[in-house]
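J.: Sharing data.txt, compact mmCIF, C-alpha atoms:
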# COMPACT_ATOMS: atom_id res chain seq x y z
CA MET A 9 -106.32 131.97 -196.29
CA ARG A 10 -105.27 132.84 -199.85
CA ALA A 11 -102.96 130.56 -201.85
CA ALA A 12 -101.40 131.17 -205.26
CA LEU A 13 -100.65 127.99 -207.21
CA ILE A 14 -97.91 128.38 -209.82
CA SER A 15 -97.56 125.89 -212.66
CA ARG A 16 -96.37 125.65 -216.22
CA GLU A 17 -99.43 123.51 -217.03
CA TYR A 18 -103.08 124.24 -216.45
CA PRO A 19 -106.12 123.26 -218.54
CA PRO A 20 -106.46 123.24 -221.44
CA GLU A 21 -102.65 123.19 -221.79
CA VAL A 22 -101.91 119.94 -219.95
CA TYR A 23 -99.41 117.37 -221.20
CA GLY A 24 -98.32 115.40 -218.11
CA GLY A 25 -99.07 114.23 -214.60
CA ALA A 26 -98.15 117.55 -213.00
CA GLY A 27 -100.80 119.28 -215.08
CA VAL A 28 -103.42 116.76 -214.01
CA HIS A 29 -102.35 117.24 -210.39
CA ILE A 30 -102.67 121.03 -210.44
CA GLU A 31 -106.06 120.86 -212.18
CA PHE A 32 -107.68 118.71 -209.52
CA LEU A 33 -105.80 120.13 -206.55
CA ALA A 34 -106.96 123.63 -207.47
CA ARG A 35 -110.53 122.42 -207.84
CA GLU A 36 -110.61 120.87 -204.38
CA LEU A 37 -108.64 123.62 -202.64
CA ARG A 38 -111.19 126.19 -203.83
CA LYS A 39 -113.76 124.43 -201.65
CA LEU A 40 -111.62 125.13 -198.59
CA ILE A 41 -109.68 128.38 -199.14
CA GLU A 42 -109.23 131.23 -201.65
CA VAL A 43 -107.10 130.11 -204.60
CA GLU A 44 -105.53 131.81 -207.59
CA VAL A 45 -103.65 129.97 -210.35
CA HIS A 46 -100.70 131.53 -212.19
CA CYS A 47 -99.66 129.48 -215.20
CA PHE A 48 -97.82 129.56 -218.52
CA GLY A 49 -99.39 129.99 -221.93
CA ALA A 50 -102.49 131.52 -223.49
CA GLU A 51 -105.06 133.47 -221.55
CA ARG A 52 -107.69 131.36 -219.78
CA ASP A 53 -111.29 132.44 -219.30
CA GLU A 54 -111.56 130.79 -215.88
CA PRO A 55 -111.95 133.26 -212.98
CA GLY A 56 -108.90 133.49 -210.76
CA VAL A 57 -106.55 132.03 -213.38
CA HIS A 58 -103.76 134.23 -214.74
CA ALA A 59 -101.61 133.17 -217.70
CA TYR A 60 -98.19 134.48 -218.77
CA ARG A 61 -96.40 134.17 -222.08
CA THR A 62 -92.69 134.10 -222.82
CA PRO A 63 -91.34 137.67 -222.99
CA PRO A 64 -90.86 138.63 -226.66
CA GLY A 65 -87.12 139.10 -226.30
CA LEU A 66 -86.73 135.49 -225.14
CA ALA A 67 -88.89 133.83 -227.78
CA ALA A 68 -85.86 132.34 -229.57
CA ALA A 69 -83.78 131.68 -226.44
CA ASN A 70 -82.91 128.34 -224.89
CA PRO A 71 -86.12 126.93 -223.33
CA ALA A 72 -84.63 127.23 -219.84
CA LEU A 73 -83.98 130.95 -220.30
CA ALA A 74 -87.47 131.42 -221.73
CA THR A 75 -88.89 129.65 -218.68
CA LEU A 76 -87.05 131.99 -216.31
CA GLY A 77 -88.49 134.92 -218.24
CA VAL A 78 -92.02 133.66 -217.59
CA ASP A 79 -91.12 133.09 -213.94
CA LEU A 80 -90.12 136.74 -213.61
CA GLU A 81 -93.44 137.81 -215.12
CA ILE A 82 -95.33 135.58 -212.66
CA ALA A 83 -93.36 136.84 -209.66
CA ALA A 84 -94.24 140.40 -210.65
CA GLY A 85 -97.87 139.41 -211.24
CA LEU A 86 -98.19 138.14 -207.67
CA MET A 87 -98.18 141.74 -206.44
CA SER A 88 -101.28 143.94 -206.82
CA ASP A 89 -101.90 147.44 -205.47
CA GLY A 90 -98.72 147.27 -203.44
CA ALA A 91 -99.54 144.01 -201.66
CA PRO A 92 -99.07 140.31 -202.43
CA VAL A 93 -102.15 138.61 -203.84
CA ALA A 94 -101.72 135.57 -201.58
CA ASP A 95 -100.63 134.52 -198.11
CA LEU A 96 -98.39 131.84 -199.61
CA VAL A 97 -97.26 130.52 -202.98
CA HIS A 98 -97.18 126.88 -204.03
CA SER A 99 -95.12 126.00 -207.11
CA HIS A 100 -95.09 122.82 -209.19
CA THR A 101 -92.07 121.57 -211.23
CA TRP A 102 -88.83 123.41 -211.90
CA TYR A 103 -90.57 125.46 -214.57
CA ALA A 104 -92.46 127.34 -211.85
CA ASN A 105 -90.15 126.93 -208.85
CA LEU A 106 -88.15 130.10 -209.41
CA ALA A 107 -91.34 132.19 -209.64
CA GLY A 108 -92.36 130.91 -206.22
CA HIS A 109 -88.88 131.39 -204.79
CA LEU A 110 -88.65 134.98 -206.01
CA ALA A 111 -92.15 135.80 -204.78
CA SER A 112 -91.30 134.41 -201.36
CA MET A 113 -88.23 136.65 -201.12
CA MET A 114 -89.93 139.72 -202.57
CA TYR A 115 -93.12 139.58 -200.53
CA ASP A 116 -91.98 137.71 -197.40
CA ILE A 117 -94.53 134.91 -197.75
CA PRO A 118 -93.99 131.12 -197.44
CA HIS A 119 -93.15 129.11 -200.52
CA VAL A 120 -94.34 125.50 -200.80
CA VAL A 121 -92.88 123.27 -203.52
CA THR A 122 -94.47 120.06 -204.77
CA ALA A 123 -91.84 117.73 -206.21
CA HIS A 124 -93.17 115.94 -209.27
CA SER A 125 -89.65 115.03 -210.43
CA LEU A 126 -86.06 115.98 -209.65
CA GLU A 127 -83.61 117.44 -212.14
CA PRO A 128 -80.55 115.60 -210.72
CA LEU A 129 -82.34 112.30 -211.43
CA ARG A 130 -83.21 113.24 -215.03
CA PRO A 131 -79.82 113.67 -216.76
CA TRP A 132 -81.41 112.89 -220.13
CA LYS A 133 -83.00 116.37 -219.94
CA ALA A 134 -79.65 117.65 -221.20
CA GLU A 135 -80.67 116.22 -224.59
CA GLN A 136 -83.62 118.59 -224.60
CA LEU A 137 -82.21 121.67 -222.85
CA GLY A 138 -78.47 121.55 -223.55
CA GLY A 139 -76.78 124.04 -221.22
CA GLY A 140 -80.25 124.97 -220.01
CA TYR A 141 -80.24 121.75 -217.96
CA ARG A 142 -77.70 123.38 -215.64
CA ILE A 143 -80.06 126.33 -215.32
CA SER A 144 -83.08 124.15 -214.57
CA SER A 145 -81.04 122.28 -211.95
CA TRP A 146 -79.92 125.54 -210.36
CA ALA A 147 -83.47 126.91 -210.28
CA GLU A 148 -84.80 123.75 -208.65
CA ARG A 149 -82.05 123.54 -206.05
CA SER A 150 -82.41 127.21 -205.10
CA ALA A 151 -86.16 126.84 -204.61
CA TYR A 152 -86.06 123.55 -202.71
CA GLU A 153 -83.37 124.55 -200.27
CA ALA A 154 -85.13 127.82 -199.40
CA ALA A 155 -88.73 126.55 -199.38
CA ALA A 156 -90.79 126.65 -196.21
CA ALA A 157 -92.06 123.16 -197.11
CA VAL A 158 -91.48 120.59 -199.83
CA VAL A 159 -94.23 118.14 -200.72
CA ALA A 160 -93.15 114.73 -201.98
CA VAL A 161 -95.78 112.75 -203.89
CA SER A 162 -94.51 109.41 -202.55
CA ASN A 163 -92.24 107.95 -199.91
CA GLY A 164 -89.73 107.06 -202.59
CA MET A 165 -89.78 110.66 -203.78
CA ARG A 166 -89.13 111.92 -200.25
CA ALA A 167 -86.04 109.74 -200.00
CA ASP A 168 -84.84 111.00 -203.38
CA ILE A 169 -85.34 114.64 -202.37
CA LEU A 170 -83.30 114.26 -199.19
CA ALA A 171 -80.56 112.40 -201.08
CA ALA A 172 -80.42 114.99 -203.88
CA TYR A 173 -80.56 117.98 -201.54
CA PRO A 174 -78.87 117.07 -198.23
CA ALA A 175 -78.89 120.71 -197.12
CA LEU A 176 -82.70 120.50 -196.90
CA GLU A 177 -83.95 119.73 -193.39
CA SER A 178 -85.93 116.49 -193.37
CA SER A 179 -88.65 118.09 -191.19
CA ARG A 180 -89.53 120.35 -194.13
CA VAL A 181 -90.31 117.44 -196.49
CA HIS A 182 -93.88 116.11 -196.29
CA VAL A 183 -95.51 113.23 -198.19
CA ILE A 184 -98.85 114.11 -199.81
CA PRO A 185 -99.56 111.90 -202.85
CA ASN A 186 -101.15 112.69 -206.17
CA GLY A 187 -104.85 111.91 -206.18
CA ILE A 188 -107.51 110.66 -208.53
CA ASP A 189 -111.12 111.68 -209.17
CA THR A 190 -112.76 108.26 -209.12
CA GLU A 191 -116.08 109.65 -210.31
CA LEU A 192 -114.44 111.05 -213.41
CA TYR A 193 -112.01 108.16 -213.84
CA ALA A 194 -114.24 105.09 -213.83
CA PRO A 195 -114.96 102.25 -216.27
CA VAL A 196 -116.97 103.24 -219.34
CA PRO A 197 -118.74 100.81 -221.70
CA ALA A 198 -118.21 102.62 -225.03
CA ARG A 199 -115.69 101.15 -227.48
CA ASP A 200 -116.01 103.30 -230.61
CA VAL A 201 -112.62 104.92 -230.03
CA LEU A 202 -110.95 101.51 -230.13
CA ARG A 203 -112.52 100.66 -233.46
CA HIS A 204 -111.60 104.10 -234.82
CA TYR A 205 -107.93 103.36 -234.21
CA GLY A 206 -108.09 99.77 -235.43
CA LEU A 207 -108.08 98.00 -232.07
CA ASP A 208 -110.18 94.86 -231.66
CA PRO A 209 -112.15 94.94 -228.36
CA ASP A 210 -112.41 91.14 -228.45
CA ARG A 211 -108.65 90.55 -228.40
CA PRO A 212 -106.27 91.26 -225.47
CA ILE A 213 -105.02 94.84 -225.29
CA ALA A 214 -101.94 96.09 -223.43
CA LEU A 215 -101.95 99.89 -223.16
CA PHE A 216 -99.29 102.56 -222.61
CA VAL A 217 -100.11 106.23 -222.09
CA GLY A 218 -97.37 108.81 -221.71
CA ARG A 219 -94.95 111.24 -223.27
CA ILE A 220 -92.02 110.13 -225.40
CA THR A 221 -89.21 110.83 -223.00
CA ARG A 222 -86.36 108.72 -221.63
CA GLN A 223 -88.04 108.80 -218.23
CA LYS A 224 -91.12 106.89 -219.41
CA GLY A 225 -89.16 103.96 -220.82
CA VAL A 226 -90.98 103.91 -224.16
CA GLY A 227 -87.98 102.42 -225.94
CA HIS A 228 -87.77 99.60 -223.40
CA LEU A 229 -91.48 98.88 -223.83
CA VAL A 230 -91.28 98.68 -227.62
CA ALA A 231 -88.34 96.29 -227.34
CA ALA A 232 -90.14 94.15 -224.74
CA ALA A 233 -93.30 94.00 -226.87
CA ALA A 234 -91.51 91.86 -229.44
CA ASP A 235 -91.79 89.04 -226.88
CA PHE A 236 -95.43 89.58 -225.93
CA THR A 237 -97.65 86.55 -226.49
CA PRO A 238 -98.80 86.40 -230.14
CA GLY A 239 -102.23 87.92 -230.59
CA VAL A 240 -101.80 90.54 -227.87
CA GLN A 241 -102.46 94.03 -229.17
CA LEU A 242 -100.22 96.91 -228.04
CA ALA A 243 -101.82 100.36 -227.94
CA LEU A 244 -99.22 103.10 -227.62
CA CYS A 245 -100.73 106.46 -226.66
CA ALA A 246 -97.38 108.20 -226.92
CA GLY A 247 -96.59 111.67 -228.18
CA ALA A 248 -94.84 114.98 -227.41
CA PRO A 249 -91.25 113.69 -227.86
CA ASP A 250 -88.57 115.56 -225.96
CA THR A 251 -86.31 115.92 -228.99
CA PRO A 252 -86.43 115.24 -232.75
CA GLU A 253 -83.68 112.66 -232.27
CA LEU A 254 -85.75 110.74 -229.70
CA ALA A 255 -88.80 110.99 -231.94
CA ALA A 256 -86.83 109.44 -234.81
CA GLU A 257 -85.46 106.70 -232.54
CA ILE A 258 -88.92 105.67 -231.28
CA THR A 259 -90.46 105.92 -234.74
CA GLU A 260 -87.88 103.51 -236.14
CA ALA A 261 -88.39 101.11 -233.22
CA VAL A 262 -92.19 101.14 -233.54
CA HIS A 263 -92.07 100.61 -237.29
CA ARG A 264 -89.69 97.69 -236.78
CA LEU A 265 -92.08 96.19 -234.21
CA GLN A 266 -95.08 96.68 -236.51
CA ALA A 267 -93.22 94.88 -239.28
CA GLY A 268 -92.76 91.88 -237.02
CA ARG A 269 -96.17 91.55 -235.36
CA LYS A 270 -99.79 92.53 -235.90
CA GLY A 271 -101.91 94.70 -233.62
CA VAL A 272 -99.39 97.43 -232.78
CA VAL A 273 -101.33 100.70 -232.81
CA TRP A 274 -99.52 103.99 -232.24
CA ILE A 275 -101.71 106.99 -231.31
CA GLN A 276 -99.47 110.05 -231.36
CA GLU A 277 -101.98 112.82 -230.59
CA MET A 278 -103.08 113.69 -227.06
CA LEU A 279 -106.58 112.27 -226.69
CA PRO A 280 -109.35 114.09 -224.82
CA ARG A 281 -110.22 112.51 -221.49
CA GLU A 282 -113.47 110.92 -222.67
CA GLN A 283 -111.60 109.02 -225.40
CA LEU A 284 -108.75 108.06 -223.11
CA LEU A 285 -111.23 106.61 -220.63
CA GLN A 286 -112.39 104.16 -223.29
CA LEU A 287 -108.84 102.91 -223.80
CA LEU A 288 -108.17 102.66 -220.05
CA SER A 289 -111.43 100.76 -219.54
CA ALA A 290 -111.01 98.40 -222.49
CA ALA A 291 -107.38 97.52 -221.86
CA ASP A 292 -106.71 94.16 -220.26
CA LEU A 293 -103.44 95.49 -218.86
CA PHE A 294 -101.87 98.89 -218.36
CA LEU A 295 -98.11 99.22 -218.85
CA CYS A 296 -95.77 101.62 -217.06
CA PRO A 297 -92.12 100.85 -217.92
CA SER A 298 -90.71 104.09 -216.46
CA ILE A 299 -87.07 104.19 -215.43
CA TYR A 300 -87.85 107.11 -213.10
CA GLU A 301 -91.26 107.94 -211.67
CA PRO A 302 -91.93 110.01 -208.54
CA GLN A 303 -95.41 108.50 -208.30
CA GLY A 304 -97.05 107.82 -211.66
CA ILE A 305 -100.54 109.30 -211.61
CA VAL A 306 -101.38 107.48 -214.83
CA ASN A 307 -101.26 104.17 -212.93
CA LEU A 308 -103.98 105.51 -210.64
CA GLU A 309 -106.06 106.49 -213.66
CA ALA A 310 -105.80 102.96 -215.02
CA MET A 311 -106.56 101.39 -211.65
CA ALA A 312 -109.62 103.62 -211.25
CA CYS A 313 -110.85 102.16 -214.55
CA GLU A 314 -110.47 98.62 -213.13
CA THR A 315 -107.38 97.80 -215.16
CA ALA A 316 -104.48 95.77 -213.75
CA VAL A 317 -100.97 97.22 -214.07
CA VAL A 318 -97.50 95.99 -214.93
CA ALA A 319 -94.98 98.64 -213.91
CA SER A 320 -91.34 99.21 -213.04
CA ARG A 321 -90.40 98.98 -209.38
CA VAL A 322 -88.95 102.50 -209.28
CA GLY A 323 -89.59 105.70 -207.34
CA GLY A 324 -93.10 106.06 -206.00
CA ILE A 325 -94.74 103.39 -208.15
CA PRO A 326 -94.68 100.77 -205.34
CA ASP A 327 -96.70 103.21 -203.19
CA VAL A 328 -99.50 102.97 -205.74
CA VAL A 329 -99.28 99.57 -207.41
CA VAL A 330 -99.42 96.81 -204.80
CA GLU A 331 -97.38 93.82 -205.96
CA GLY A 332 -99.59 90.79 -206.52
CA GLU A 333 -102.75 92.67 -205.57
CA THR A 334 -103.31 95.42 -208.14
CA GLY A 335 -100.57 94.40 -210.57
CA LEU A 336 -97.00 93.19 -210.96
CA LEU A 337 -93.78 95.16 -210.46
CA VAL A 338 -90.62 94.56 -212.46
CA ASP A 339 -87.20 95.47 -211.08
CA TYR A 340 -85.41 97.98 -213.26
CA ALA A 341 -82.06 96.55 -214.33
CA ALA A 342 -78.92 98.26 -215.54
CA ASP A 343 -78.92 95.77 -218.41
CA PRO A 344 -81.76 96.91 -220.70
CA LYS A 345 -82.30 93.44 -222.15
CA GLU A 346 -82.76 91.98 -218.67
CA PHE A 347 -85.36 94.61 -217.79
CA GLU A 348 -87.18 94.19 -221.11
CA ALA A 349 -87.28 90.40 -220.75
CA GLY A 350 -88.64 90.70 -217.21
CA PHE A 351 -91.28 93.18 -218.32
CA ALA A 352 -92.44 90.95 -221.18
CA ALA A 353 -92.60 87.95 -218.85
CA ALA A 354 -94.79 89.83 -216.37
CA VAL A 355 -97.13 90.97 -219.15
CA ASN A 356 -97.46 87.45 -220.53
CA GLU A 357 -98.00 85.98 -217.05
CA LEU A 358 -101.00 88.20 -216.34
CA LEU A 359 -102.53 88.08 -219.81
CA ALA A 360 -102.60 84.29 -219.50
CA ASP A 361 -104.90 84.50 -216.45
CA SER A 362 -108.13 86.44 -217.10
CA GLY A 363 -109.45 85.74 -213.60
CA ARG A 364 -106.37 87.25 -212.01
CA LEU A 365 -106.58 90.28 -214.30
CA GLN A 366 -110.17 90.86 -213.24
CA SER A 367 -109.48 90.55 -209.52
CA MET A 368 -106.47 92.89 -209.78
CA GLY A 369 -108.58 95.41 -211.69
CA LEU A 370 -111.26 95.40 -208.99
CA ALA A 371 -108.64 95.70 -206.24
CA GLY A 372 -107.03 98.61 -208.08
CA ARG A 373 -110.33 100.46 -208.30
CA GLU A 374 -110.94 99.91 -204.58
CA ARG A 375 -107.46 101.22 -203.73
CA ALA A 376 -107.90 104.31 -205.87
CA VAL A 377 -111.25 105.13 -204.26
CA THR A 378 -110.24 104.59 -200.64
CA GLN A 379 -106.65 105.87 -200.62
CA TYR A 380 -106.34 108.62 -203.21
CA GLY A 381 -109.41 110.85 -203.18
CA TRP A 382 -108.61 114.49 -204.06
CA ASP A 383 -110.79 115.85 -201.25
CA ALA A 384 -108.59 114.19 -198.61
CA ILE A 385 -105.41 115.31 -200.37
CA ALA A 386 -106.63 118.91 -200.53
CA ALA A 387 -107.46 118.83 -196.81
CA ARG A 388 -103.94 117.60 -196.00
CA THR A 389 -102.50 120.35 -198.19
CA VAL A 390 -104.48 123.05 -196.39
CA ARG A 391 -103.30 121.72 -193.02
CA LEU A 392 -99.74 122.07 -194.27
CA TYR A 393 -100.42 125.63 -195.41
CA GLN A 394 -101.87 126.51 -192.02
CA SER A 395 -98.84 125.13 -190.20
CA LEU A 396 -96.63 127.64 -192.04
CA ARG A 397 -98.52 130.79 -191.03
Have the structure of the file written as structure tokens, please.

T.:
Amino acid sequence: MRAALISREYPPEVYGGAGVHIEFLARELRKLIEVEVHCFGAERDEPGVHAYRTPPGLAAANPALATLGVDLEIAAGLMSDGAPVADLVHSHTWYANLAGHLASMMYDIPHVVTAHSLEPLRPWKAEQLGGGYRISSWAERSAYEAAAAVVAVSNGMRADILAAYPALESSRVHVIPNGIDTELYAPVPARDVLRHYGLDPDRPIALFVGRITRQKGVGHLVAAAADFTPGVQLALCAGAPDTPELAAEITEAVHRLQAGRKGVVWIQEMLPREQLLQLLSAADLFLCPSIYEPQGIVNLEAMACETAVVASRVGGIPDVVVEGETGLLVDYAADPKEFEAGFAAAVNELLADSGRLQSMGLAGRERAVTQYGWDAIAARTVRLYQSLR
């Protein structure tokens, strides 16, 4: 069997959970079947990986139109010597969905979609895309409703898919979660990265890692941190803002927080994995205040490094973070102040109990190892592919 994976992100151009997913899924699938990757961006030197740039005429267009231009290039690139290069295509995120949809129609092969998020549940994307948000929503809907199979990364995500797209038959929606490489993501003893950024390894550290987008709840976290127990350090690994306006909003909020308490460290660049592992391992607590999260692969990364989690009870997060066992979950409230107060209370509760933090960290590592190995997830994915032939 030959599969073509289609994604905006692929190493080294990875900025979010979907990019991490495609990297490791491709690695494990190659052990079982033939795999090509078709992605956006600069040429890669990895065999079987094909990259596509925005067509020159669309370089200054709305990002949604530029994305569709790349999708057309990918759909054309999936044909070679008069025949499709794969037996099926598997697209990830709306950026790549239309390429898979068009290839399926052109070459009469199945199209599998993995849902990492849903455009109808991310209205704030209109801030970033303007009218292009209607285009991204159209592209996603067209692909989902026509797909041979849709993969949801959590049970919560499956429910959201069926609610957002009622025309989609429920039998075509399958739950296969994101995974984690627990050999790669494991506790490390080094602490030089912490010292480089001014973090004290001997004082409590609460860590956030994610993009600056409404979805990730960064603004809520910064507001909640004002009520963290004095002496707790907050490490914000947060960059790639969706818009200049959001960047300015978060910058002002962080500066205001830094003026009111010590130990607030903001790391705005994307750190290489070996440096990020130090932060994940050294943190006493990992924070995930998302207001929307299909699964939240970053929680798995923290758990694999034996770090307890405080997260929002939204989307697929409860599939990963077990309340009272690997962390605490906070109900997302329509009133921002209520949510922020609840989040701060949960952080302070756990940081006051080092024994509980340690036991949750160990339980999180065990859960990551036993439930979310990429080899098992790749095997389930191949079985899905085979059922569509």

J.: Can you measure CA of Met9 (chain A) to CA of Ala34 (chain A) for me? One decimal in Å is fine.

T.: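 Computing it gives 14.0 Å between the two atoms.
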
J.: Which distance in Å separates CA of Gly225 (chain A) and CA of Pro131 (chain A), to one decimal?

T.: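 Separation between CA of Gly225 (chain A) and CA of Pro131 (chain A): 14.1 Å.
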
J.: Determine, counting all atoms listed in the file, which protein, DNA and RNA residues have an atom within 7 Å of an atom of Glu153 (chain A); residues of the same chain fewer than 2 positions away are not included. Present the result as JSON, numbers by chain.

T.: {"A": [149, 150, 151, 155, 175, 176]}

J.: Using all atoms listed in the file, I'd like a table of the residues in region 275-340 of chain A that come within 12 Å of region 226-235 of chain A; for each, show the closest atom pair and its distance in Å rounded to one decimal, ordered by chain and ascending number, as a tab-separated table.

T.:
residue	atom	partner	partner_atom	distance
A:Phe294	CA	A:Leu229	CA	11.7
A:Leu295	CA	A:Leu229	CA	8.3
A:Cys296	CA	A:Leu229	CA	8.5
A:Pro297	CA	A:Leu229	CA	6.3
A:Ser298	CA	A:Val226	CA	7.7
A:Ile299	CA	A:His228	CA	9.2
A:Tyr300	CA	A:Val226	CA	11.9
A:Val318	CA	A:Leu229	CA	11.1
A:Ala319	CA	A:Leu229	CA	10.5
A:Ser320	CA	A:Leu229	CA	10.8
A:Tyr340	CA	A:His228	CA	10.5

J.: Need to verify the contact set: Gln266 (chain A), 12 Å, all atoms listed in the file, exclusion of same-chain residues closer than 4 positions in sequence. Can you return it as a PDB file with C-alpha atoms, keeping the file's coordinate frame?

T.:
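See out_34.pdb below for the written result:
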ATOM      1  CA  VAL A 230     -91.280  98.680-227.620  1.00  0.00           C
ATOM      2  CA  ALA A 231     -88.340  96.290-227.340  1.00  0.00           C
ATOM      3  CA  ALA A 233     -93.300  94.000-226.870  1.00  0.00           C
ATOM      4  CA  ALA A 234     -91.510  91.860-229.440  1.00  0.00           C
ATOM      5  CA  GLN A 241    -102.460  94.030-229.170  1.00  0.00           C
ATOM      6  CA  LEU A 242    -100.220  96.910-228.040  1.00  0.00           C
ATOM      7  CA  ALA A 243    -101.820 100.360-227.940  1.00  0.00           C
ATOM      8  CA  LEU A 244     -99.220 103.100-227.620  1.00  0.00           C
ATOM      9  CA  THR A 259     -90.460 105.920-234.740  1.00  0.00           C
ATOM     10  CA  GLU A 260     -87.880 103.510-236.140  1.00  0.00           C
ATOM     11  CA  ALA A 261     -88.390 101.110-233.220  1.00  0.00           C
ATOM     12  CA  VAL A 262     -92.190 101.140-233.540  1.00  0.00           C
ATOM     13  CA  LYS A 270     -99.790  92.530-235.900  1.00  0.00           C
ATOM     14  CA  GLY A 271    -101.910  94.700-233.620  1.00  0.00           C
ATOM     15  CA  VAL A 272     -99.390  97.430-232.780  1.00  0.00           C
ATOM     16  CA  VAL A 273    -101.330 100.700-232.810  1.00  0.00           C
ATOM     17  CA  TRP A 274     -99.520 103.990-232.240  1.00  0.00           C
TER      18      TRP A 274
END

J.: Considering only C-alpha atoms, return as an MDAnalysis selection string whatever protein or nucleic-acid residues lie within 9 Å of Glu42 (chain A), sequence-local ones (same chain, fewer than 6 positions apart) excluded.

T.: chainID A and resid 9:12 94

J.: At a cut-off of 8 Å, using only C-alpha atoms, what residues contact region 388-391 of chain A? Leave out same-chain residues fewer than 6 positions from it and give the result as a tab-separated table (two decimals) with C-alpha atoms, keeping the file's coordinate frame.

T.:
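So part25.tsv came out as:
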chain	number	residue	atom	x	y	z
A	37	LEU	CA	-108.64	123.62	-202.64
A	40	LEU	CA	-111.62	125.13	-198.59
A	41	ILE	CA	-109.68	128.38	-199.14
A	184	ILE	CA	-98.85	114.11	-199.81

J.: Tell me, in Å to one decimal, how far CA of Gly56 (chain A) is from CA of Met114 (chain A).

T.: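 If I compute the distance from CA of Gly56 (chain A) to CA of Met114 (chain A), I get 21.6 Å.
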
J.: Could you pull the residues within 9 Å of Thr237 (chain A), counting all atoms listed in the file, minus those fewer than 5 positions along the same chain, as a list in words?

T.: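 Contacts, with the query itself left out: Ala352, Val355, Asn356, Leu359 and Ala360 of chain A.
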
J.: Go through A:Ala91, A:Ile82, A:Leu207, A:Met311 one by one, measure the shortest atom-to-atom distance of each to Cys47 (chain A) using all atoms listed in the file, and give the residue with the smallest value.

T.: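 Using all atoms listed in the file, the shortest distance to Cys47 (chain A) belongs to A:Ile82.
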
J.: Check the smallest atom-to-atom distance from each of A:Ile305, A:Ala194, A:Ala84, A:Val161 to Gly27 (chain A) using all atoms listed in the file, then report the winner.

T.: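 For Gly27 (chain A), the nearest of the candidates is A:Ile305.
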
J.: With region 16-20 of chain A as the partner and 12 Å as the cut-off, tabulate the residues of region 244-345 of chain A that qualify, each row holding the nearest pair of atoms and their distance in Å to one decimal, using all atoms listed in the file, sorted by chain and rising number, as a tab-separated table.

T.:
residue	atom	partner	partner_atom	distance
A:Met278	CA	A:Pro20	CA	11.6
A:Pro280	CA	A:Pro20	CA	10.2
A:Arg281	CA	A:Pro20	CA	11.4

J.: Show me as a list of chain:residue names the residues that reach within 8 Å of (-91.9, 118.9, -196.1), counting only C-alpha atoms and using the file's own coordinates.

T.: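 The answer, in the requested form, is A:Ala156, A:Ala157, A:Val158, A:Val159, A:Ala160, A:Ser178, A:Ser179, A:Arg180, A:Val181, A:His182, A:Val183.
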
J.: Could you tell me which of A:Ala83, A:Ala256, A:Met368, A:Leu73 comes closest to Asn105 (chain A) if we count all atoms listed in the file?

T.: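 Distance minimum relative to Asn105 (chain A) lands on A:Ala83.
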
J.: Using all atoms listed in the file, which of the listed residues (A:Arg130, A:Leu13, A:Ile258, A:Val93) sits closest to Gln276 (chain A)?

T.: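 Among the listed residues, the smallest separation from Gln276 (chain A) belongs to A:Ile258.
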
J.: Counting all atoms listed in the file, find residues at most 8 Å from (-96.2, 119.6, -214.7) (file frame) and give them as a PyMOL selection string.

T.: chain A and resi 15-17+22-30+100-101+124
